[in-house]
>>> print(open('query-v1.txt').read())   # compact mmCIF, N, CA and C atoms and all ligand atoms
# COMPACT_ATOMS: atom_id res chain seq x y z
N MET A 1 31.66 18.75 84.59
CA MET A 1 30.69 17.95 83.82
C MET A 1 29.79 18.83 82.95
N LYS A 2 29.39 19.98 83.51
CA LYS A 2 28.48 20.83 82.75
C LYS A 2 29.09 21.25 81.41
N LYS A 3 30.39 21.55 81.50
CA LYS A 3 31.05 22.00 80.26
C LYS A 3 31.00 20.92 79.18
N ILE A 4 31.21 19.70 79.65
CA ILE A 4 31.21 18.59 78.67
C ILE A 4 29.83 18.43 78.06
N VAL A 5 28.80 18.53 78.94
CA VAL A 5 27.42 18.37 78.44
C VAL A 5 27.11 19.46 77.41
N VAL A 6 27.50 20.73 77.80
CA VAL A 6 27.24 21.85 76.87
C VAL A 6 27.98 21.61 75.55
N PHE A 7 29.22 21.13 75.70
CA PHE A 7 30.00 20.88 74.50
C PHE A 7 29.32 19.82 73.62
N ILE A 8 28.86 18.75 74.33
CA ILE A 8 28.18 17.69 73.57
C ILE A 8 26.91 18.24 72.91
N LEU A 9 26.18 19.10 73.69
CA LEU A 9 24.97 19.68 73.13
C LEU A 9 25.30 20.54 71.92
N LEU A 10 26.36 21.36 72.12
CA LEU A 10 26.77 22.22 71.01
C LEU A 10 27.16 21.38 69.79
N LEU A 11 27.92 20.33 70.08
CA LEU A 11 28.38 19.47 68.99
C LEU A 11 27.21 18.82 68.28
N SER A 12 26.27 18.32 69.13
CA SER A 12 25.13 17.65 68.52
C SER A 12 24.26 18.64 67.75
N SER A 13 24.11 19.85 68.32
CA SER A 13 23.32 20.84 67.59
C SER A 13 24.01 21.23 66.29
N PHE A 14 25.32 21.30 66.36
CA PHE A 14 26.07 21.60 65.14
C PHE A 14 25.86 20.50 64.11
N ASN A 15 25.95 19.25 64.64
CA ASN A 15 25.70 18.13 63.74
C ASN A 15 24.31 18.21 63.12
N VAL A 16 23.34 18.54 63.98
CA VAL A 16 21.96 18.63 63.49
C VAL A 16 21.86 19.72 62.43
N ASN A 17 22.53 20.88 62.74
CA ASN A 17 22.50 21.96 61.75
C ASN A 17 23.15 21.53 60.44
N ALA A 18 24.28 20.83 60.60
CA ALA A 18 24.96 20.36 59.40
C ALA A 18 24.07 19.39 58.64
N GLN A 19 23.43 18.48 59.39
CA GLN A 19 22.54 17.54 58.72
C GLN A 19 21.39 18.27 58.03
N LYS A 20 20.87 19.32 58.77
CA LYS A 20 19.79 20.08 58.15
C LYS A 20 20.26 20.72 56.84
N ALA A 21 21.50 21.27 56.91
CA ALA A 21 22.03 21.88 55.68
C ALA A 21 22.17 20.83 54.60
N ASP A 22 22.68 19.66 55.00
CA ASP A 22 22.78 18.58 53.99
C ASP A 22 21.41 18.25 53.41
N VAL A 23 20.43 18.13 54.34
CA VAL A 23 19.09 17.80 53.88
C VAL A 23 18.57 18.88 52.95
N ARG A 24 18.87 20.18 53.33
CA ARG A 24 18.43 21.26 52.47
C ARG A 24 19.05 21.14 51.08
N VAL A 25 20.37 20.85 51.09
CA VAL A 25 21.04 20.69 49.79
C VAL A 25 20.42 19.54 49.01
N ASP A 26 20.15 18.45 49.77
CA ASP A 26 19.54 17.31 49.09
C ASP A 26 18.20 17.70 48.50
N ILE A 27 17.38 18.42 49.33
CA ILE A 27 16.06 18.83 48.84
C ILE A 27 16.20 19.72 47.63
N PHE A 28 17.20 20.64 47.69
CA PHE A 28 17.43 21.54 46.56
C PHE A 28 17.79 20.74 45.31
N ASP A 29 18.71 19.77 45.53
CA ASP A 29 19.08 18.93 44.38
C ASP A 29 17.87 18.19 43.85
N LEU A 30 17.08 17.64 44.80
CA LEU A 30 15.90 16.88 44.37
C LEU A 30 14.93 17.78 43.60
N LYS A 31 14.79 19.04 44.11
CA LYS A 31 13.90 19.96 43.41
C LYS A 31 14.41 20.23 41.99
N GLU A 32 15.77 20.40 41.91
CA GLU A 32 16.35 20.60 40.58
C GLU A 32 16.07 19.40 39.69
N ASP A 33 16.26 18.21 40.29
CA ASP A 33 16.00 16.99 39.51
C ASP A 33 14.55 16.96 39.06
N VAL A 34 13.65 17.31 39.98
CA VAL A 34 12.22 17.30 39.63
C VAL A 34 11.96 18.28 38.50
N LYS A 35 12.61 19.47 38.59
CA LYS A 35 12.43 20.46 37.52
C LYS A 35 12.92 19.89 36.19
N LYS A 36 14.13 19.29 36.26
CA LYS A 36 14.68 18.70 35.03
C LYS A 36 13.73 17.64 34.48
N LEU A 37 13.27 16.77 35.40
CA LEU A 37 12.39 15.70 34.94
C LEU A 37 11.09 16.25 34.38
N GLN A 38 10.59 17.33 35.03
CA GLN A 38 9.36 17.93 34.53
C GLN A 38 9.56 18.51 33.13
N SER A 39 10.71 19.22 32.96
CA SER A 39 10.96 19.79 31.63
C SER A 39 11.16 18.69 30.61
N GLU A 40 11.87 17.64 31.05
CA GLU A 40 12.06 16.49 30.15
C GLU A 40 10.72 15.87 29.79
N ASN A 41 9.89 15.72 30.82
CA ASN A 41 8.56 15.15 30.60
C ASN A 41 7.76 16.01 29.63
N GLN A 42 7.87 17.35 29.85
CA GLN A 42 7.16 18.28 28.96
C GLN A 42 7.66 18.14 27.53
N ARG A 43 9.01 18.04 27.40
CA ARG A 43 9.58 17.94 26.07
C ARG A 43 9.12 16.65 25.39
N LEU A 44 9.16 15.55 26.18
CA LEU A 44 8.76 14.27 25.61
C LEU A 44 7.29 14.29 25.21
N SER A 45 6.46 14.92 26.08
CA SER A 45 5.04 14.94 25.73
C SER A 45 4.80 15.82 24.52
N ASN A 46 5.60 16.92 24.41
CA ASN A 46 5.50 17.74 23.20
C ASN A 46 5.89 16.93 21.97
N ASP A 47 7.05 16.21 22.09
CA ASP A 47 7.47 15.37 20.97
C ASP A 47 6.39 14.37 20.63
N LEU A 48 5.83 13.78 21.68
CA LEU A 48 4.82 12.75 21.46
C LEU A 48 3.61 13.34 20.75
N SER A 49 3.19 14.55 21.20
CA SER A 49 2.02 15.14 20.56
C SER A 49 2.33 15.52 19.12
N ILE A 50 3.58 16.03 18.91
CA ILE A 50 3.96 16.38 17.54
C ILE A 50 3.98 15.14 16.66
N SER A 51 4.64 14.07 17.18
CA SER A 51 4.73 12.87 16.36
C SER A 51 3.36 12.24 16.18
N SER A 52 2.52 12.34 17.21
CA SER A 52 1.19 11.74 17.06
C SER A 52 0.37 12.51 16.05
N THR A 53 0.51 13.86 16.05
CA THR A 53 -0.20 14.62 15.02
C THR A 53 0.37 14.31 13.65
N LYS A 54 1.72 14.12 13.60
CA LYS A 54 2.32 13.72 12.33
C LYS A 54 1.71 12.42 11.85
N TYR A 55 1.64 11.43 12.79
CA TYR A 55 1.09 10.14 12.39
C TYR A 55 -0.38 10.25 12.01
N GLU A 56 -1.11 11.14 12.74
CA GLU A 56 -2.52 11.32 12.39
C GLU A 56 -2.64 11.87 10.97
N ASN A 57 -1.77 12.87 10.66
CA ASN A 57 -1.80 13.42 9.30
C ASN A 57 -1.45 12.34 8.29
N ARG A 58 -0.42 11.53 8.65
CA ARG A 58 0.01 10.47 7.73
C ARG A 58 -1.12 9.48 7.52
N ILE A 59 -1.80 9.14 8.62
CA ILE A 59 -2.91 8.19 8.50
C ILE A 59 -4.01 8.78 7.62
N LEU A 60 -4.26 10.09 7.79
CA LEU A 60 -5.27 10.73 6.95
C LEU A 60 -4.84 10.71 5.49
N ASP A 61 -3.52 10.99 5.25
CA ASP A 61 -3.02 10.93 3.88
C ASP A 61 -3.22 9.54 3.29
N LEU A 62 -2.84 8.52 4.11
CA LEU A 62 -2.95 7.16 3.61
C LEU A 62 -4.41 6.80 3.35
N GLY A 63 -5.30 7.28 4.23
CA GLY A 63 -6.72 7.02 4.01
C GLY A 63 -7.20 7.63 2.71
N ALA A 64 -6.74 8.87 2.45
CA ALA A 64 -7.13 9.53 1.20
C ALA A 64 -6.57 8.77 0.01
N LYS A 65 -5.30 8.29 0.15
CA LYS A 65 -4.70 7.52 -0.95
C LYS A 65 -5.47 6.23 -1.18
N ILE A 66 -5.89 5.59 -0.07
CA ILE A 66 -6.66 4.35 -0.22
C ILE A 66 -7.96 4.64 -0.95
N GLU A 67 -8.60 5.78 -0.62
CA GLU A 67 -9.83 6.14 -1.32
C GLU A 67 -9.55 6.34 -2.81
N ASP A 68 -8.42 7.03 -3.12
CA ASP A 68 -8.05 7.23 -4.52
C ASP A 68 -7.86 5.89 -5.22
N LEU A 69 -7.13 4.97 -4.53
CA LEU A 69 -6.86 3.67 -5.13
C LEU A 69 -8.16 2.88 -5.34
N LYS A 70 -9.09 3.01 -4.37
CA LYS A 70 -10.38 2.34 -4.53
C LYS A 70 -11.09 2.87 -5.78
N PHE A 71 -11.03 4.20 -5.94
CA PHE A 71 -11.68 4.81 -7.10
C PHE A 71 -11.03 4.30 -8.39
N GLU A 72 -9.66 4.31 -8.40
CA GLU A 72 -8.97 3.82 -9.59
C GLU A 72 -9.30 2.36 -9.85
N LEU A 73 -9.41 1.57 -8.77
CA LEU A 73 -9.73 0.16 -8.91
C LEU A 73 -11.10 -0.01 -9.53
N ASN A 74 -12.07 0.82 -9.11
CA ASN A 74 -13.40 0.75 -9.70
C ASN A 74 -13.34 1.09 -11.18
N VAL A 75 -12.54 2.13 -11.50
CA VAL A 75 -12.40 2.51 -12.92
C VAL A 75 -11.82 1.36 -13.71
N LEU A 76 -10.75 0.73 -13.16
CA LEU A 76 -10.12 -0.38 -13.85
C LEU A 76 -11.09 -1.55 -13.99
N LYS A 77 -11.89 -1.80 -12.93
CA LYS A 77 -12.88 -2.87 -13.00
C LYS A 77 -13.86 -2.61 -14.14
N ARG A 78 -14.29 -1.33 -14.23
CA ARG A 78 -15.22 -0.98 -15.31
C ARG A 78 -14.57 -1.22 -16.67
N ILE A 79 -13.26 -0.83 -16.79
CA ILE A 79 -12.57 -1.00 -18.06
C ILE A 79 -12.48 -2.48 -18.40
N VAL A 80 -12.12 -3.31 -17.37
CA VAL A 80 -12.02 -4.75 -17.60
C VAL A 80 -13.38 -5.31 -17.99
N GLU A 81 -14.44 -4.81 -17.32
CA GLU A 81 -15.79 -5.27 -17.62
C GLU A 81 -16.16 -4.94 -19.07
N GLN A 82 -15.86 -3.70 -19.45
CA GLN A 82 -16.14 -3.28 -20.82
C GLN A 82 -15.34 -4.11 -21.81
N TYR A 83 -14.05 -4.39 -21.46
CA TYR A 83 -13.20 -5.18 -22.34
C TYR A 83 -13.77 -6.59 -22.49
N ARG A 84 -14.21 -7.18 -21.34
CA ARG A 84 -14.81 -8.51 -21.40
C ARG A 84 -16.05 -8.50 -22.27
N ASN A 85 -16.87 -7.48 -22.08
CA ASN A 85 -18.10 -7.39 -22.87
C ASN A 85 -17.77 -7.31 -24.35
N SER A 86 -16.78 -6.48 -24.69
CA SER A 86 -16.43 -6.32 -26.10
C SER A 86 -15.87 -7.63 -26.65
N VAL A 87 -15.05 -8.34 -25.85
CA VAL A 87 -14.50 -9.62 -26.30
C VAL A 87 -15.61 -10.63 -26.49
N SER A 88 -16.55 -10.69 -25.53
CA SER A 88 -17.65 -11.65 -25.65
C SER A 88 -18.56 -11.27 -26.80
N ASP A 89 -18.68 -9.99 -27.11
CA ASP A 89 -19.46 -9.57 -28.27
C ASP A 89 -18.78 -10.03 -29.55
N ASN A 90 -17.46 -9.92 -29.61
CA ASN A 90 -16.74 -10.30 -30.81
C ASN A 90 -16.83 -11.79 -31.07
N SER A 91 -16.74 -12.61 -30.01
CA SER A 91 -16.78 -14.05 -30.20
C SER A 91 -18.19 -14.59 -30.12
N ASN A 92 -19.20 -13.73 -30.01
CA ASN A 92 -20.60 -14.13 -29.96
C ASN A 92 -20.87 -15.12 -28.84
N SER A 93 -20.15 -15.07 -27.76
CA SER A 93 -20.36 -15.98 -26.64
C SER A 93 -20.80 -15.17 -25.43
N THR A 94 -21.84 -15.68 -24.76
CA THR A 94 -22.30 -15.03 -23.54
C THR A 94 -21.50 -15.61 -22.39
N SER A 95 -20.56 -14.84 -21.87
CA SER A 95 -19.70 -15.35 -20.81
C SER A 95 -20.32 -15.05 -19.46
N SER A 96 -20.83 -16.10 -18.84
CA SER A 96 -21.31 -15.98 -17.47
C SER A 96 -20.72 -17.13 -16.68
N PRO A 97 -20.36 -16.90 -15.44
CA PRO A 97 -19.67 -17.95 -14.67
C PRO A 97 -20.51 -19.19 -14.44
N LYS A 98 -21.86 -19.09 -14.51
CA LYS A 98 -22.70 -20.25 -14.24
C LYS A 98 -22.61 -21.26 -15.38
N THR A 99 -22.60 -20.79 -16.62
CA THR A 99 -22.59 -21.70 -17.77
C THR A 99 -21.17 -21.85 -18.27
N SER A 100 -20.32 -22.50 -17.43
CA SER A 100 -18.92 -22.65 -17.81
C SER A 100 -18.77 -23.72 -18.86
N THR A 101 -19.56 -24.78 -18.79
CA THR A 101 -19.41 -25.87 -19.76
C THR A 101 -19.84 -25.40 -21.14
N THR A 102 -20.98 -24.70 -21.21
CA THR A 102 -21.42 -24.20 -22.52
C THR A 102 -20.44 -23.18 -23.05
N GLU A 103 -19.82 -22.44 -22.13
CA GLU A 103 -18.83 -21.46 -22.57
C GLU A 103 -17.64 -22.17 -23.22
N GLU A 104 -17.21 -23.30 -22.60
CA GLU A 104 -16.11 -24.06 -23.18
C GLU A 104 -16.51 -24.55 -24.57
N ASN A 105 -17.76 -25.04 -24.68
CA ASN A 105 -18.22 -25.49 -25.99
C ASN A 105 -18.16 -24.37 -27.00
N VAL A 106 -18.60 -23.18 -26.57
CA VAL A 106 -18.58 -22.04 -27.47
C VAL A 106 -17.15 -21.74 -27.90
N VAL A 107 -16.23 -21.82 -26.91
CA VAL A 107 -14.83 -21.55 -27.23
C VAL A 107 -14.32 -22.58 -28.22
N GLU A 108 -14.66 -23.88 -28.00
CA GLU A 108 -14.22 -24.90 -28.94
C GLU A 108 -14.78 -24.64 -30.33
N LYS A 109 -16.05 -24.28 -30.37
CA LYS A 109 -16.68 -24.00 -31.66
C LYS A 109 -15.94 -22.86 -32.37
N THR A 110 -15.69 -21.80 -31.60
CA THR A 110 -15.02 -20.66 -32.22
C THR A 110 -13.62 -21.06 -32.67
N VAL A 111 -13.00 -22.03 -31.97
CA VAL A 111 -11.65 -22.44 -32.38
C VAL A 111 -11.74 -23.29 -33.64
N THR A 112 -12.67 -24.29 -33.65
CA THR A 112 -12.75 -25.19 -34.80
C THR A 112 -13.41 -24.52 -35.99
N LYS A 113 -14.34 -23.62 -35.69
CA LYS A 113 -15.05 -22.96 -36.79
C LYS A 113 -14.08 -22.08 -37.57
N PRO A 114 -14.05 -22.20 -38.87
CA PRO A 114 -13.17 -21.31 -39.65
C PRO A 114 -13.62 -19.87 -39.52
N LYS A 115 -12.69 -19.02 -39.21
CA LYS A 115 -13.02 -17.62 -39.00
C LYS A 115 -13.33 -16.95 -40.33
N PRO A 116 -14.21 -15.98 -40.30
CA PRO A 116 -14.52 -15.27 -41.55
C PRO A 116 -13.30 -14.58 -42.13
N GLN A 117 -12.35 -14.23 -41.23
CA GLN A 117 -11.15 -13.56 -41.73
C GLN A 117 -10.28 -14.52 -42.53
N SER A 118 -10.24 -15.84 -42.10
CA SER A 118 -9.37 -16.78 -42.75
C SER A 118 -9.88 -17.12 -44.14
N SER A 119 -11.20 -16.99 -44.37
CA SER A 119 -11.73 -17.29 -45.70
C SER A 119 -11.25 -16.25 -46.71
N SER A 120 -11.03 -15.01 -46.19
CA SER A 120 -10.56 -13.99 -47.11
C SER A 120 -9.05 -13.89 -47.11
N GLN A 121 -8.39 -14.82 -46.36
CA GLN A 121 -6.92 -14.80 -46.34
C GLN A 121 -6.39 -15.76 -47.39
N CYS A 122 -5.28 -15.39 -47.95
CA CYS A 122 -4.68 -16.22 -49.00
C CYS A 122 -4.32 -17.58 -48.43
N SER A 123 -4.71 -18.67 -49.12
CA SER A 123 -4.47 -20.02 -48.59
C SER A 123 -3.10 -20.55 -49.00
N ALA A 124 -2.34 -19.81 -49.74
CA ALA A 124 -1.02 -20.28 -50.18
C ALA A 124 0.00 -20.16 -49.06
N THR A 125 1.10 -20.89 -49.22
CA THR A 125 2.18 -20.85 -48.24
C THR A 125 3.37 -20.10 -48.84
N THR A 126 3.95 -19.26 -48.03
CA THR A 126 5.07 -18.45 -48.52
C THR A 126 6.34 -19.27 -48.57
N GLN A 127 7.40 -18.68 -49.11
CA GLN A 127 8.67 -19.38 -49.18
C GLN A 127 9.27 -19.65 -47.81
N LYS A 128 8.86 -18.83 -46.82
CA LYS A 128 9.35 -19.05 -45.45
C LYS A 128 8.66 -20.24 -44.80
N GLY A 129 7.59 -20.74 -45.38
CA GLY A 129 6.86 -21.85 -44.80
C GLY A 129 5.65 -21.42 -44.01
N THR A 130 5.44 -20.13 -43.84
CA THR A 130 4.27 -19.64 -43.12
C THR A 130 3.17 -19.31 -44.11
N ARG A 131 1.97 -19.21 -43.55
CA ARG A 131 0.83 -18.95 -44.44
C ARG A 131 0.86 -17.50 -44.91
N CYS A 132 0.47 -17.30 -46.11
CA CYS A 132 0.46 -15.96 -46.68
C CYS A 132 -0.57 -15.11 -45.95
N SER A 133 -0.19 -13.92 -45.61
CA SER A 133 -1.05 -13.05 -44.82
C SER A 133 -1.84 -12.09 -45.69
N ARG A 134 -1.72 -12.17 -46.97
CA ARG A 134 -2.46 -11.24 -47.83
C ARG A 134 -3.91 -11.68 -47.93
N SER A 135 -4.76 -10.76 -48.27
CA SER A 135 -6.18 -11.06 -48.44
C SER A 135 -6.40 -11.70 -49.81
N SER A 136 -7.24 -12.74 -49.83
CA SER A 136 -7.41 -13.53 -51.05
C SER A 136 -8.45 -12.91 -51.98
N ARG A 137 -8.45 -13.40 -53.15
CA ARG A 137 -9.47 -13.01 -54.12
C ARG A 137 -10.48 -14.14 -54.25
N SER A 138 -11.17 -14.23 -55.36
CA SER A 138 -12.31 -15.15 -55.48
C SER A 138 -11.86 -16.61 -55.34
N ASN A 139 -10.68 -16.97 -55.80
CA ASN A 139 -10.26 -18.38 -55.76
C ASN A 139 -9.48 -18.71 -54.48
N GLY A 140 -9.48 -17.84 -53.48
CA GLY A 140 -8.81 -18.13 -52.21
C GLY A 140 -7.34 -17.83 -52.24
N LEU A 141 -6.84 -17.19 -53.28
CA LEU A 141 -5.41 -16.84 -53.36
C LEU A 141 -5.29 -15.35 -53.59
N CYS A 142 -4.15 -14.81 -53.09
CA CYS A 142 -3.93 -13.37 -53.27
C CYS A 142 -3.42 -13.10 -54.68
N TRP A 143 -3.25 -11.84 -54.97
CA TRP A 143 -2.83 -11.47 -56.33
C TRP A 143 -1.45 -12.03 -56.64
N GLN A 144 -0.60 -12.18 -55.62
CA GLN A 144 0.77 -12.64 -55.87
C GLN A 144 0.82 -14.14 -56.09
N HIS A 145 -0.18 -14.88 -55.48
CA HIS A 145 -0.19 -16.33 -55.62
C HIS A 145 -1.18 -16.78 -56.70
N GLY A 146 -1.53 -15.89 -57.58
CA GLY A 146 -2.32 -16.25 -58.75
C GLY A 146 -3.81 -16.11 -58.56
N GLY A 147 -4.21 -15.24 -57.59
CA GLY A 147 -5.64 -15.05 -57.38
C GLY A 147 -6.25 -14.07 -58.36
ZN ZN B 1 -0.74 -15.20 -51.09
>>> encode(input="query-v1.txt", output="structure tokens")
Amino acid sequence: MKKIVVFILLLSSFNVNAQKADVRVDIFDLKEDVKKLQSENQRLSNDLSISSTKYENRILDLGAKIEDLKFELNVLKRIVEQYRNSVSDNSNSTSSPKTSTTEENVVEKTVTKPKPQSSSQCSATTQKGTRCSRSSRSNGLCWQHGG
């Protein structure tokens, strides 16, 4: 009986040793996996920091571009404002959004009122059927139409 017990003990201890070796291998593999995962994690975090700095730079670029566009928009607004002022000066109408009805009246007047340019334009009609574009003389006709 003793021999069998010793044999069983030996067998079980061998099994335990084998299991320990397996466990060691497993732990080694797990450590390798952890190392791989750590390096992967490091790589991903590096990528993330690189891409985030890229995006930060891009956002800064876009912010600067937006500032440029705002500046250009202000310049264009000023140009439009100046253009409006010059147009309102030419038509002698004070264009303000509050007096829209009087502005319409002014526009109608300027439309119905004969322009000073038309008085100096030849009143004759050309052979094409359109009005002569030459400047008139004292009788309202150009030199070609007997002015
Ligand atoms: Zn003419």
>>> residues_near_ligand(input="query-v1.txt", ligand="ligand ZN 1 (chain B)", cutoff="7 Å", atoms="all atoms listed in the file", output="PyMOL selection string")
chain A and resi 121-126+131-136+141-146
>>> atom_distance(input="query-v1.txt", atom1="CA of Phe28 in chain A", atom2="CA of Glu40 in chain A")
18.0 Å
>>> atom_distance(input="query-v1.txt", atom1="atom N of Tyr83 in chain A", atom2="atom N of Ile66 in chain A")
25.0 Å
>>> axis_aligned_box(input="query-v1.txt", around="range 63-73 of chain A", padding_each_side="6 Å", output="JSON")
{"center_x": -8.2, "center_y": 4.8, "center_z": -2.8, "size_x": 19.0, "size_y": 21.5, "size_z": 26.1}
>>> atom_distance(input="query-v1.txt", atom1="atom C of Lys70 in chain A", atom2="atom N of Gln82 in chain A")
15.9 Å
